[in-house]
Every structure is written in structure tokens, then in C-alpha cells.
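Next up, coords-v5.txt (compact mmCIF, C-alpha atoms):
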# COMPACT_ATOMS: atom_id res chain seq x y z
CA MET A 1 -5.61 -20.10 25.26
CA GLY A 2 -8.03 -21.49 22.70
CA LEU A 3 -8.29 -20.92 18.99
CA ILE A 4 -10.44 -17.83 19.48
CA GLY A 5 -7.96 -16.37 21.96
CA GLN A 6 -5.17 -16.91 19.42
CA SER A 7 -7.21 -15.27 16.67
CA ARG A 8 -7.90 -12.28 18.89
CA ILE A 9 -4.19 -11.51 19.06
CA LYS A 10 -3.76 -12.06 15.33
CA SER A 11 -6.52 -9.72 14.20
CA PRO A 12 -6.81 -6.52 16.22
CA TRP A 13 -9.09 -4.06 14.45
CA VAL A 14 -8.44 -0.48 15.40
CA LEU A 15 -10.84 2.38 15.92
CA HIS A 16 -9.11 5.73 15.74
CA PHE A 17 -10.68 8.71 17.49
CA ASP A 18 -9.34 12.24 17.50
CA CYS A 19 -10.24 14.10 20.70
CA GLY A 20 -9.18 17.47 19.29
CA SER A 21 -5.53 16.74 18.72
CA CYS A 22 -3.33 18.89 16.49
CA ASN A 23 -3.34 15.99 13.95
CA GLY A 24 0.36 15.35 14.52
CA CYS A 25 -0.30 12.02 16.23
CA ASP A 26 -3.10 11.17 13.78
CA ILE A 27 -0.72 11.53 10.86
CA GLU A 28 1.75 9.26 12.66
CA ILE A 29 -0.97 6.66 13.31
CA LEU A 30 -1.89 6.70 9.64
CA ALA A 31 1.82 6.51 8.80
CA ALA A 32 1.94 3.28 10.83
CA LEU A 33 -0.69 1.83 8.50
CA THR A 34 0.98 2.88 5.24
CA PRO A 35 3.42 0.76 3.17
CA LYS A 36 6.56 1.78 5.04
CA PHE A 37 5.50 0.46 8.45
CA ASP A 38 2.65 -1.80 7.25
CA ALA A 39 0.73 -2.59 10.42
CA GLU A 40 -1.58 -4.86 8.40
CA ARG A 41 1.04 -7.63 8.49
CA PHE A 42 -0.01 -8.06 12.14
CA GLY A 43 -3.65 -8.10 11.05
CA ILE A 44 -4.21 -4.51 12.20
CA ILE A 45 -6.95 -2.79 10.22
CA ASN A 46 -8.15 0.76 10.74
CA ILE A 47 -11.87 0.08 10.91
CA GLY A 48 -14.34 2.96 11.13
CA ASP A 49 -16.89 1.13 13.22
CA PRO A 50 -16.79 0.88 17.04
CA LYS A 51 -19.00 -2.23 17.01
CA GLN A 52 -16.35 -4.24 15.17
CA ALA A 53 -13.23 -2.70 16.74
CA ASP A 54 -10.93 -4.27 19.35
CA ILE A 55 -8.55 -1.45 20.16
CA LEU A 56 -9.60 2.17 20.65
CA VAL A 57 -6.79 4.55 19.76
CA VAL A 58 -7.33 8.05 21.09
CA THR A 59 -5.27 11.15 20.39
CA GLY A 60 -5.52 14.65 21.77
CA PRO A 61 -6.67 16.26 24.99
CA MET A 62 -10.19 15.44 26.04
CA ASN A 63 -12.38 18.50 26.38
CA LEU A 64 -15.84 19.38 27.64
CA ARG A 65 -17.34 19.06 24.15
CA ASN A 66 -16.17 15.60 23.18
CA PHE A 67 -15.73 13.49 26.31
CA ARG A 68 -19.31 12.20 25.95
CA VAL A 69 -18.57 11.10 22.37
CA LEU A 70 -15.49 9.28 23.61
CA LYS A 71 -17.48 7.55 26.35
CA THR A 72 -20.18 6.50 23.87
CA LEU A 73 -17.60 5.10 21.48
CA TYR A 74 -16.01 3.15 24.35
CA GLU A 75 -19.37 1.76 25.42
CA GLN A 76 -20.27 0.78 21.86
CA MET A 77 -17.21 -1.46 21.56
CA PRO A 78 -17.97 -5.08 22.52
CA ASP A 79 -15.70 -6.88 24.99
CA PRO A 80 -12.85 -7.79 25.06
CA LYS A 81 -11.34 -4.43 24.15
CA ALA A 82 -8.28 -2.33 24.90
CA VAL A 83 -7.72 1.42 24.93
CA MET A 84 -4.55 3.15 23.80
CA ALA A 85 -3.81 6.81 24.50
CA VAL A 86 -1.40 8.23 21.91
CA GLY A 87 0.66 11.39 22.36
CA SER A 88 1.35 13.65 25.33
CA CYS A 89 -2.08 15.25 25.04
CA GLY A 90 -3.90 11.95 25.07
CA CYS A 91 -1.88 10.71 28.06
CA THR A 92 -2.00 13.74 30.33
CA GLY A 93 -3.43 16.74 28.50
CA GLY A 94 0.05 17.80 27.38
CA ILE A 95 0.54 21.49 26.77
CA PHE A 96 -3.20 22.03 27.19
CA PHE A 97 -3.06 20.83 30.81
CA ASN A 98 -5.21 23.03 33.07
CA CYS A 99 -6.81 24.92 30.21
CA PRO A 100 -10.38 25.88 31.18
CA ASN A 101 -12.10 23.73 28.58
CA VAL A 102 -9.69 20.78 28.69
CA LEU A 103 -10.34 17.90 31.07
CA GLY A 104 -6.84 16.40 30.72
CA GLY A 105 -5.80 12.89 29.73
CA ILE A 106 -8.43 10.55 28.37
CA ASP A 107 -8.01 8.29 31.42
CA LYS A 108 -10.27 10.72 33.27
CA ALA A 109 -13.23 9.39 31.24
CA ILE A 110 -12.39 5.82 30.23
CA PRO A 111 -9.93 3.17 31.51
CA VAL A 112 -6.70 3.29 29.49
CA ASP A 113 -4.54 0.19 28.99
CA VAL A 114 -1.55 1.56 27.10
CA TYR A 115 0.03 5.01 27.12
CA VAL A 116 2.17 6.01 24.14
CA PRO A 117 3.88 9.30 25.04
CA GLY A 118 5.59 11.67 22.62
CA CYS A 119 4.80 14.86 20.80
CA ALA A 120 4.12 13.53 18.27
CA ALA A 121 4.44 9.81 19.02
CA ARG A 122 6.51 8.00 16.39
CA PRO A 123 5.07 5.22 14.20
CA GLU A 124 7.54 2.71 15.71
CA GLN A 125 6.36 3.67 19.19
CA ILE A 126 2.74 3.37 18.09
CA ILE A 127 3.32 -0.15 16.70
CA ASP A 128 5.09 -0.98 19.99
CA GLY A 129 1.99 0.32 21.76
CA PHE A 130 -0.17 -1.99 19.65
CA VAL A 131 1.98 -4.95 20.71
CA LEU A 132 1.50 -4.00 24.39
CA ALA A 133 -2.23 -3.52 23.83
CA LEU A 134 -2.41 -7.02 22.34
CA LYS A 135 -0.81 -8.45 25.49
CA LYS A 136 -3.48 -6.66 27.53
CA LEU A 137 -6.15 -8.00 25.19
CA ALA A 138 -4.83 -11.55 25.67
CA GLU A 139 -4.90 -11.11 29.45
CA LYS A 140 -8.45 -9.79 29.30
CA SER A 141 -9.67 -12.62 27.09
CA SER A 142 -8.16 -15.22 29.45
CA GLU A 143 -10.06 -13.57 32.31
CA GLY A 144 -13.32 -14.73 30.76
CA GLY A 145 -13.85 -12.22 27.98
CA THR A 146 -15.22 -15.03 25.82
CA LYS A 147 -18.38 -15.25 27.90
CA LYS A 148 -21.47 -14.47 25.84
CA MET B 1 -24.89 -48.52 -1.64
CA LEU B 2 -21.55 -46.78 -2.02
CA GLU B 3 -21.76 -46.91 -5.83
CA ALA B 4 -25.12 -45.13 -5.65
CA LEU B 5 -23.57 -42.32 -3.62
CA ALA B 6 -20.51 -41.97 -5.86
CA PRO B 7 -21.91 -39.23 -8.18
CA TYR B 8 -22.69 -37.08 -5.13
CA ALA B 9 -19.20 -37.36 -3.65
CA LEU B 10 -17.57 -34.54 -5.63
CA PRO B 11 -20.34 -31.96 -5.08
CA ILE B 12 -20.44 -32.73 -1.36
CA ILE B 13 -16.66 -32.41 -1.02
CA PHE B 14 -16.88 -29.09 -2.91
CA ILE B 15 -19.62 -27.79 -0.58
CA ILE B 16 -17.69 -28.80 2.54
CA LEU B 17 -14.48 -27.22 1.25
CA SER B 18 -16.13 -24.05 -0.08
CA PRO B 19 -15.77 -21.97 3.15
CA VAL B 20 -12.06 -22.87 3.19
CA ILE B 21 -11.70 -21.92 -0.49
CA GLY B 22 -13.60 -18.67 0.12
CA GLY B 23 -11.44 -17.73 3.12
CA LEU B 24 -8.25 -18.48 1.24
CA LEU B 25 -9.50 -16.40 -1.72
CA MET B 26 -10.00 -13.44 0.60
CA GLY B 27 -6.54 -14.05 2.06
CA VAL B 28 -5.02 -14.10 -1.44
CA ASP B 29 -6.93 -10.90 -2.20
CA ARG B 30 -5.44 -9.12 0.82
CA LYS B 31 -1.96 -10.46 0.15
CA ILE B 32 -1.98 -9.39 -3.52
CA THR B 33 -3.45 -6.00 -2.60
CA ALA B 34 -0.64 -5.54 -0.09
CA ARG B 35 2.01 -6.55 -2.63
CA MET B 36 0.55 -4.07 -5.13
CA GLN B 37 1.03 -1.33 -2.54
CA SER B 38 4.56 -2.69 -1.87
CA ARG B 39 3.63 -3.92 1.58
CA ILE B 40 4.24 -7.36 3.05
CA GLY B 41 0.62 -7.87 3.93
CA PRO B 42 -1.15 -10.12 6.41
CA PRO B 43 -0.73 -13.92 6.45
CA LEU B 44 -2.78 -15.94 3.99
CA VAL B 45 -5.07 -17.28 6.73
CA GLN B 46 -5.84 -13.80 8.11
CA PRO B 47 -9.58 -13.95 7.12
CA PHE B 48 -9.96 -17.07 9.30
CA TYR B 49 -8.41 -15.25 12.26
CA ASP B 50 -10.79 -12.34 11.66
CA VAL B 51 -13.88 -14.53 11.54
CA MET B 52 -12.88 -16.56 14.62
CA LYS B 53 -12.15 -13.39 16.56
CA LEU B 54 -15.50 -11.90 15.58
CA TRP B 55 -17.18 -15.14 16.60
CA GLY B 56 -15.61 -14.93 20.07
CA LYS B 57 -16.54 -11.32 20.75
CA LYS B 58 -19.34 -10.41 23.08
CA PRO B 59 -22.45 -9.95 20.91
CA PHE B 60 -23.87 -6.47 20.62
CA ILE B 61 -27.22 -7.10 18.99
CA THR B 62 -29.45 -4.14 18.19
CA ASN B 63 -32.54 -6.25 17.46
CA ILE B 64 -33.47 -9.91 17.13
CA PHE B 65 -33.96 -9.73 13.33
CA GLN B 66 -30.38 -8.75 12.66
CA PRO B 67 -28.66 -12.05 13.61
CA ILE B 68 -31.49 -14.06 12.00
CA LEU B 69 -31.07 -12.18 8.73
CA ALA B 70 -27.27 -12.44 8.98
CA PHE B 71 -27.71 -16.19 9.33
CA GLY B 72 -30.09 -16.09 6.36
CA TYR B 73 -27.49 -14.28 4.25
CA MET B 74 -24.91 -16.93 5.05
CA GLY B 75 -27.35 -19.83 4.72
CA PHE B 76 -28.85 -18.80 1.37
CA ALA B 77 -25.42 -18.00 -0.09
CA PHE B 78 -24.21 -21.52 0.72
CA LEU B 79 -27.54 -23.04 -0.35
CA ALA B 80 -27.08 -21.40 -3.76
CA LEU B 81 -23.56 -22.79 -3.85
CA ALA B 82 -24.90 -26.27 -3.07
CA LEU B 83 -27.45 -25.94 -5.89
CA VAL B 84 -24.64 -25.00 -8.28
CA ALA B 85 -22.58 -27.97 -7.10
CA PHE B 86 -25.47 -30.34 -7.89
CA GLY B 87 -26.08 -28.70 -11.30
CA MET B 88 -29.59 -27.47 -10.48
CA ASP B 89 -31.83 -24.96 -12.21
CA MET B 90 -30.13 -21.62 -12.99
CA LEU B 91 -33.30 -19.64 -12.20
CA ILE B 92 -33.70 -21.22 -8.75
CA ILE B 93 -30.05 -20.46 -8.02
CA LEU B 94 -30.48 -16.81 -9.01
CA PHE B 95 -33.59 -16.52 -6.80
CA THR B 96 -31.68 -18.05 -3.87
CA VAL B 97 -28.82 -15.57 -4.31
CA ALA B 98 -31.38 -12.76 -4.50
CA ILE B 99 -32.91 -13.92 -1.19
CA ALA B 100 -29.44 -13.88 0.37
CA ASP B 101 -28.93 -10.29 -0.85
CA ILE B 102 -32.36 -9.25 0.40
CA CYS B 103 -31.48 -10.73 3.82
CA LEU B 104 -28.47 -8.42 3.96
CA VAL B 105 -30.59 -5.41 2.92
CA GLY B 106 -33.22 -6.33 5.50
CA ALA B 107 -30.57 -6.59 8.21
CA GLY B 108 -29.33 -3.13 7.22
CA TYR B 109 -32.84 -1.69 7.38
CA SER B 110 -33.63 -3.45 10.68
CA SER B 111 -31.50 -1.01 12.64
CA LYS B 112 -32.19 2.66 13.23
CA SER B 113 -28.63 3.69 12.46
CA PRO B 114 -28.56 6.14 9.51
CA PHE B 115 -25.30 4.66 8.22
CA SER B 116 -26.69 1.15 8.07
CA TYR B 117 -29.89 2.56 6.52
CA PHE B 118 -27.90 4.30 3.79
CA GLY B 119 -25.81 1.20 3.23
CA ALA B 120 -28.95 -0.93 2.80
CA ARG B 121 -30.36 1.56 0.32
CA ARG B 122 -27.16 1.50 -1.68
CA GLU B 123 -27.05 -2.30 -1.53
CA LEU B 124 -30.50 -2.26 -3.16
CA LEU B 125 -29.11 -0.04 -5.92
CA VAL B 126 -26.28 -2.52 -6.51
CA ILE B 127 -28.85 -5.32 -6.74
CA ILE B 128 -30.88 -3.26 -9.24
CA ALA B 129 -27.71 -2.78 -11.27
CA TYR B 130 -26.66 -6.42 -11.62
CA GLU B 131 -29.81 -8.50 -11.21
CA PRO B 132 -31.26 -7.85 -14.73
CA LEU B 133 -27.93 -8.85 -16.22
CA LEU B 134 -27.90 -12.09 -14.24
CA PHE B 135 -31.39 -12.97 -15.45
CA LEU B 136 -30.48 -12.16 -19.06
CA THR B 137 -27.50 -14.49 -18.57
CA ALA B 138 -29.85 -17.27 -17.49
CA ILE B 139 -32.08 -16.63 -20.52
CA CYS B 140 -29.09 -16.68 -22.89
CA ILE B 141 -27.96 -20.00 -21.40
CA TYR B 142 -31.48 -21.34 -21.97
CA LEU B 143 -31.48 -20.17 -25.60
CA VAL B 144 -28.18 -21.89 -26.28
CA SER B 145 -28.54 -25.13 -24.32
CA GLY B 146 -32.32 -25.53 -24.34
CA SER B 147 -32.51 -25.87 -20.56
CA PHE B 148 -32.04 -23.88 -17.39
CA LEU B 149 -30.35 -26.85 -15.73
CA LEU B 150 -26.65 -26.29 -15.16
CA SER B 151 -25.99 -30.02 -15.51
CA GLN B 152 -27.06 -29.68 -19.18
CA LEU B 153 -24.01 -27.48 -19.81
CA PHE B 154 -21.82 -30.58 -19.54
CA LEU B 155 -23.71 -32.15 -22.46
CA LEU B 156 -23.07 -29.19 -24.81
CA GLY B 157 -20.50 -29.91 -27.49
CA LEU B 158 -18.91 -26.47 -27.28
CA PRO B 159 -17.91 -24.64 -24.10
CA LEU B 160 -20.45 -21.95 -23.26
CA ALA B 161 -17.81 -19.21 -23.28
CA MET B 162 -17.25 -19.83 -27.03
CA LEU B 163 -20.95 -19.33 -27.77
CA LEU B 164 -21.56 -16.55 -25.23
CA PRO B 165 -18.34 -14.49 -24.90
CA GLY B 166 -20.31 -11.29 -24.23
CA VAL B 167 -22.32 -12.93 -21.47
CA TYR B 168 -19.10 -14.36 -20.03
CA LEU B 169 -17.60 -10.85 -19.80
CA THR B 170 -20.83 -9.53 -18.27
CA MET B 171 -20.55 -12.16 -15.53
CA ALA B 172 -17.01 -10.95 -14.88
CA LEU B 173 -18.44 -7.44 -14.47
CA VAL B 174 -21.04 -8.76 -12.01
CA LEU B 175 -18.18 -10.43 -10.10
CA LEU B 176 -16.79 -6.97 -9.34
CA ALA B 177 -20.06 -5.88 -7.75
CA GLU B 178 -20.66 -9.15 -5.92
CA LEU B 179 -17.22 -9.04 -4.33
CA LYS B 180 -17.89 -5.42 -3.28
CA LYS B 181 -14.83 -4.12 -5.07
CA SER B 182 -14.08 -0.65 -6.39
CA PRO B 183 -15.47 0.94 -8.54
CA TYR B 184 -18.73 -0.78 -7.52
CA ASP B 185 -18.35 -0.84 -3.72
CA VAL B 186 -21.04 1.77 -3.10
CA SER B 187 -22.93 -0.14 -0.41
CA ALA B 188 -20.00 -1.29 1.69
CA SER B 189 -16.48 -2.22 0.84
CA ALA B 190 -13.96 -4.65 2.15
CA HIS B 191 -11.48 -3.42 4.77
CA ALA B 192 -9.46 -0.23 4.65
CA HIS B 193 -11.89 1.84 2.60
CA GLN B 194 -14.03 3.95 4.87
CA GLU B 195 -17.07 5.83 3.74
CA LEU B 196 -20.39 6.12 5.58
CA VAL B 197 -18.66 4.18 8.39
CA ARG B 198 -19.02 0.59 7.11
CA GLY B 199 -22.07 0.97 4.89
CA VAL B 200 -24.53 -1.88 5.23
CA TYR B 201 -22.15 -3.69 7.63
CA THR B 202 -22.18 -0.87 10.20
CA GLU B 203 -24.56 -2.41 12.73
CA PHE B 204 -23.17 -5.94 12.63
CA SER B 205 -20.88 -7.01 15.42
CA GLY B 206 -19.60 -10.19 17.00
CA TYR B 207 -20.98 -13.41 15.58
CA SER B 208 -23.47 -11.73 13.22
CA MET B 209 -20.55 -9.99 11.47
CA ALA B 210 -18.77 -13.35 11.31
CA LEU B 211 -21.85 -14.85 9.62
CA VAL B 212 -21.99 -11.99 7.10
CA GLU B 213 -18.30 -12.47 6.37
CA LEU B 214 -18.87 -16.21 5.78
CA GLY B 215 -21.78 -15.40 3.48
CA HIS B 216 -19.50 -13.07 1.52
CA TRP B 217 -16.99 -15.91 1.05
CA GLY B 218 -19.82 -18.15 -0.12
CA LYS B 219 -20.92 -15.61 -2.71
CA ALA B 220 -17.35 -15.14 -3.93
CA VAL B 221 -16.98 -18.89 -4.50
CA LEU B 222 -20.43 -18.99 -6.11
CA MET B 223 -19.60 -16.29 -8.66
CA LEU B 224 -16.25 -17.89 -9.49
CA SER B 225 -17.88 -21.30 -9.98
CA PHE B 226 -20.42 -19.67 -12.33
CA LEU B 227 -17.51 -18.32 -14.34
CA ALA B 228 -15.86 -21.75 -14.28
CA LEU B 229 -19.07 -23.40 -15.56
CA PHE B 230 -18.78 -21.41 -18.78
CA TRP B 231 -16.08 -23.97 -19.63
CA ALA B 232 -18.08 -26.98 -18.44
CA ASN B 233 -16.22 -29.40 -20.73
CA ASN B 234 -12.88 -28.29 -19.36
CA LEU B 235 -13.37 -27.25 -15.72
CA VAL B 236 -9.63 -26.93 -15.06
CA LEU B 237 -9.29 -24.27 -17.75
CA GLY B 238 -12.55 -22.71 -16.53
CA SER B 239 -11.32 -22.44 -12.94
CA ALA B 240 -7.98 -21.06 -14.12
CA LEU B 241 -9.76 -18.37 -16.15
CA ALA B 242 -12.06 -17.63 -13.19
CA PHE B 243 -8.95 -16.97 -11.09
CA VAL B 244 -7.62 -14.70 -13.85
CA PHE B 245 -10.84 -12.70 -13.57
CA PHE B 246 -10.47 -12.69 -9.76
CA PHE B 247 -6.96 -11.29 -10.15
CA ALA B 248 -8.30 -8.70 -12.60
CA THR B 249 -10.89 -7.54 -10.04
CA ILE B 250 -8.08 -7.03 -7.51
CA VAL B 251 -6.11 -4.97 -10.06
CA ILE B 252 -9.20 -2.90 -10.87
CA ASP B 253 -9.99 -2.51 -7.15
CA ASN B 254 -6.52 -1.09 -6.58
CA SER B 255 -6.52 1.25 -9.56
CA TYR B 256 -10.01 2.76 -9.68
CA PRO B 257 -11.90 4.89 -7.15
CA ARG B 258 -15.49 4.26 -6.16
CA LEU B 259 -18.17 5.44 -8.59
CA THR B 260 -21.34 7.26 -7.61
CA TRP B 261 -24.46 5.12 -7.76
CA GLN B 262 -25.75 6.88 -10.88
CA LYS B 263 -22.54 6.15 -12.74
CA MET B 264 -22.52 2.61 -11.38
CA ILE B 265 -25.97 1.83 -12.81
CA ARG B 266 -25.16 3.61 -16.07
CA THR B 267 -21.88 1.75 -16.69
CA PHE B 268 -23.38 -1.55 -15.58
CA TRP B 269 -26.43 -1.35 -17.79
CA ILE B 270 -24.72 0.16 -20.84
CA ALA B 271 -21.80 -2.29 -20.78
CA GLY B 272 -23.85 -5.31 -19.68
CA PHE B 273 -26.83 -4.89 -22.00
CA ALA B 274 -24.59 -3.96 -24.95
CA LEU B 275 -22.42 -7.05 -24.46
CA ILE B 276 -25.38 -9.39 -24.07
CA LEU B 277 -27.38 -7.96 -27.00
CA LEU B 278 -24.35 -7.96 -29.32
CA ASN B 279 -23.75 -11.54 -28.30
CA LEU B 280 -27.35 -12.51 -29.07
CA ALA B 281 -27.24 -10.65 -32.41
CA GLY B 282 -24.07 -12.52 -33.34
CA LEU B 283 -25.66 -15.86 -32.45
CA ILE B 284 -28.71 -15.08 -34.60
CA ILE B 285 -26.50 -14.02 -37.54
CA ILE B 286 -24.42 -17.21 -37.48
CA GLY B 287 -27.65 -19.16 -36.99
CA VAL B 288 -27.12 -20.90 -33.66
CA ILE B 289 -30.51 -19.82 -32.31
As C-alpha cells:
Amino acid sequence: MGLIGQSRIKSPWVLHFDCGSCNGCDIEILAALTPKFDAERFGIINIGDPKQADILVVTGPMNLRNFRVLKTLYEQMPDPKAVMAVGSCGCTGGIFFNCPNVLGGIDKAIPVDVYVPGCAARPEQIIDGFVLALKKLAEKSSEGGTKK
Amino acid sequence: MLEALAPYALPIIFIILSPVIGGLLMGVDRKITARMQSRIGPPLVQPFYDVMKLWGKKPFITNIFQPILAFGYMGFAFLALALVAFGMDMLIILFTVAIADICLVGAGYSSKSPFSYFGARRELLVIIAYEPLLFLTAICIYLVSGSFLLSQLFLLGLPLAMLLPGVYLTMALVLLAELKKSPYDVSASAHAHQELVRGVYTEFSGYSMALVELGHWGKAVLMLSFLALFWANNLVLGSALAFVFFFATIVIDNSYPRLTWQKMIRTFWIAGFALILLNLAGLIIIGVI
């Protein structure tokens, strides 16, 4: 792995998207970024821009209104990228499974690399998920993600 | 041959090292910010990781102008730095920095994204706020030293900061805006503040974002070397004081929220013009000019 591959693992910028979650998981994700858990020591920054992000973190059950937004955000992120589904709803649809307007887990619309279950997922679990996502990112970049 | 090149050695070493200094400054900034929020913070070399990662990402270019202008931003910022290192004309340096800023604004306007459009508009407002003060600074330096050349500052008997304390403080104020720090980060701010997505940076991605980041480092080093040149006779003290001002901007960034653009221009112009005019009045009273 070259210098760029190393840097990729050291500086994952996160895009956080809420697919209609109850905000439980969102609060935990933000908790992971606050002083107590301090995800920035791994270089993780919550960036608001899909064009500069490396990891897409999605919470909540995907529904008929927002799955297009999710797809657009995914397409706007340049390669190499990883997707992380946080919380029971993001993984499978959770308690909203089979509701008429809910499509289920976000893996129905975009490929998911890491699933972080829990209702709500804990900050420690979310940081663990980031570590797994970084491994995926490293694998992807060694598969020729550096090609321009 | 080598003796002839000797006077150029120091400036050239400074220019070559300036991206490293700029990156480390940003790293120190993030580390101190983290410590102020009682976090551990990222490693000191984190900005280098960020730039290298951005460089390696697949480019996502909205139009051909954007990377060209991003390169222009970086290029003109470092060109201005080179001119400072060789002690060139203050006016030419200010024009070069202005071109670098205009490149960033142009890159913001080149995309159809409303966020980038808004960011570019706000970047123009920031330029309107600090540019008159920078030019007044150049004029004050001319009045005191009789030349726009920065190399003339070394021939002055007194350090410039003794003669122009008001102008010195105004430059410290401009440093806040140039580094895109709160309360003057209306166009775009460094990491972890989100408003209007990423302001003027919204449409940059991959290597063009890396170029913009490099240009930002260049401008940071440029402003700090300006501050250091106010103590041209004693550059060690000047650099130390420049770092004190850099630390002060980090403290201010962490303790003040962002201002609206109206308040930004008002505070900038009232504080800046008052400081500079008081300074000039004082100089006239004691009979220096």
C-alpha cells in the first residue's frame, strides 16, 4: 500500500445522512464525535459535503420519499468509498419493517459495507463500525481505487 | 558562482519549506483546538494525510474551469509567498494575493450549485472587508519607510511594529479572516463547522480540493510572515509574536460564534480604519511623517 493508501485510512471523512430515523442513532453518532469519544483522533471528521466524503453513514429506515436522495448522495461521493448502516432501522427496517411506505434496510438501494445493529447503536459500536469500514476502504483502494 | 547565489539561499529554502510549515500550522491548530475542547485530537501530521487522501481520490470535476482556478489559487498564493521571501514590492504582493482570492471566488461561481454560489458571494464580501485595510497597510508602510519594497524594512532603524502598532493589530485582525476562522468564517470555515454545506468549498473534490487546501496553507504562512516582517530587525521575535497571534486566532475561533456578513464588515471597517487612522494621527503628532 502506497502513501496515498495509508493516508486514506488515516483520514476518513464522514457524511452523515438521516433516512427518517428517530434521531436516537444520530445523537449517538454525534456523541462519537464529541470530547468523550473523540473520533477526530482517528482523523474522522463529520463533513457536510458528499463530494469530499469517504464514508457514508446512514441511519433510519429508507422510505419511498427519500431513497432517491440517498442514491444521489451515494453517486455524488467519489471512489473509493464505504457505506455504513447504523441502527436496526438502517440495517433491516427495524420496527418499521413491512410498513407500506418503508422500503426496509438501506441495502435495498445502495451497497452497504458495514452494518452496525442496535436500537440505538452505541458510540463504541459506531467507532468499531468505523474501524471495520476503514478495513473495507483499504481493501477497495488496493483493488485499484486509485485509478483516475 | 556559489557566492553569487548565497543571498538567494535563505528565501529559496523558505519557499520550499513553506508547504511543510503551513501543514504543520494547520496540524497545530487542530491539536490545540482539540485540547481546548478537552479532546486528544488528531496527530500533528493529519493535514498531510488529508491532502494526500484527497489527491488520491477519483476526481469529480463539474467543469474544466474549476481545477484550473483551484490551481490558480494555490499557485498565486505561493507566488505571493515567494515575492515576500525575496522582499519584493508590497503592492505587487497584495495584487497577487487578490488574484488568488479571485481565483477561489471564480471557482465557486463556475459551478451551478447554489451552496457554492452563496459561498463565492460571501467570499467576495470577506475580500471587500479586508482588502481596503491591506492597502492602507501598504500605504502606511510607504509613508514610514519611503518605499513599497519589503527589503527596505530591514534598513529601518526601528522595527515597524514600534512605529505602526495600530497597523500591526489590523494585520492580526486580517489574519482571522484570511485563516477563515470564527467570527469571520462567513464564506467557508475549516472542518467541523457546517453551514451552507461547505460554503465556497462545496463543489471541490479530489485533487482540486487538495490544491485549495495547499493554497490555504500558503496564505496562512504568507499572513504570518507579514506579521513577522513588522519586526524586520529581529525576525526571531517577529516570528514568535506571529505565532502568539496565531494562537490568539485559535482561542478566538473557539470562543466566538460566526458573525453575519453585515456585522463582519462593520466590525472590520470600524476597528481597522480606527486603528490605522489613530496610528497615522499619532505619527503626525510626534512628527515622524
One-decimal distance in Å that lies between atom CA of A:Thr34 and atom CA of A:Thr59: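 Atom-to-atom, atom CA of A:Thr59 and atom CA of A:Thr34 are spaced 18.4 Å apart.
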Can you write out as a tab-separated table which residues of chain B fall within 8 Å of chain A, alongside each residue's closest atom pair and its distance in Å to one decimal, counting all atoms listed in the file and ordering rows by chain and ascending residue number?
residue	atom	partner	partner_atom	distance
B:Gln37	CA	A:Pro35	CA	6.5
B:Ser38	CA	A:Pro35	CA	6.2
B:Arg39	CA	A:Pro35	CA	4.9
B:Ile40	CA	A:Arg41	CA	6.3
B:Gly41	CA	A:Arg41	CA	4.6
B:Pro42	CA	A:Arg41	CA	3.9
B:Pro43	CA	A:Arg41	CA	6.8
B:Gln46	CA	A:Gly43	CA	6.8
B:Tyr49	CA	A:Ser7	CA	4.6
B:Asp50	CA	A:Ser11	CA	5.6
B:Met52	CA	A:Ile4	CA	5.6
B:Lys53	CA	A:Arg8	CA	5.0
B:Leu54	CA	A:Gln52	CA	7.7
B:Trp55	CA	A:Ile4	CA	7.8
B:Gly56	CA	A:Thr146	CA	5.8
B:Lys57	CA	A:Asp79	CA	6.2
B:Lys58	CA	A:Lys148	CA	5.4
B:Pro59	CA	A:Lys148	CA	6.8
B:Phe60	CA	A:Pro78	CA	6.4
B:His191	CA	A:Ile47	CA	7.1
B:Ala192	CA	A:Asn46	CA	6.3
B:Gln194	CA	A:Gly48	CA	6.3
B:Val197	CA	A:Gly48	CA	5.3
B:Arg198	CA	A:Asp49	CA	6.5
B:Thr202	CA	A:Asp49	CA	6.4
B:Glu203	CA	A:Lys51	CA	7.0
B:Phe204	CA	A:Lys51	CA	7.1
B:Ser205	CA	A:Gln52	CA	5.3
B:Gly206	CA	A:Gln52	CA	7.0
Two-atom distance - atom CA of A:Cys91, atom CA of A:Glu28 (Å):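 Separation between atom CA of A:Cys91 and atom CA of A:Glu28: 15.9 Å.
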Stretch 64-74 of chain A environment, 7 Å, only C-alpha atoms, sequence neighbours closer than 6 positions dropped, as a VMD selection string: chain A and resid 19 50 101 to 103 109 to 110
Generate the output file for the selected residues, C-alpha atoms, as a PDB file, in the coordinates of the input.
ATOM      1  CA  CYS A  19     -10.240  14.100  20.700  1.00  0.00           C
ATOM      2  CA  PRO A  50     -16.790   0.880  17.040  1.00  0.00           C
ATOM      3  CA  ASN A 101     -12.100  23.730  28.580  1.00  0.00           C
ATOM      4  CA  VAL A 102      -9.690  20.780  28.690  1.00  0.00           C
ATOM      5  CA  LEU A 103     -10.340  17.900  31.070  1.00  0.00           C
ATOM      6  CA  ALA A 109     -13.230   9.390  31.240  1.00  0.00           C
ATOM      7  CA  ILE A 110     -12.390   5.820  30.230  1.00  0.00           C
TER       8      ILE A 110
END
Who sits within 8 Å of B:Ala271, only C-alpha atoms, same chain under 4 positions skipped, as number ranges by chain: B: 170, 267, 275
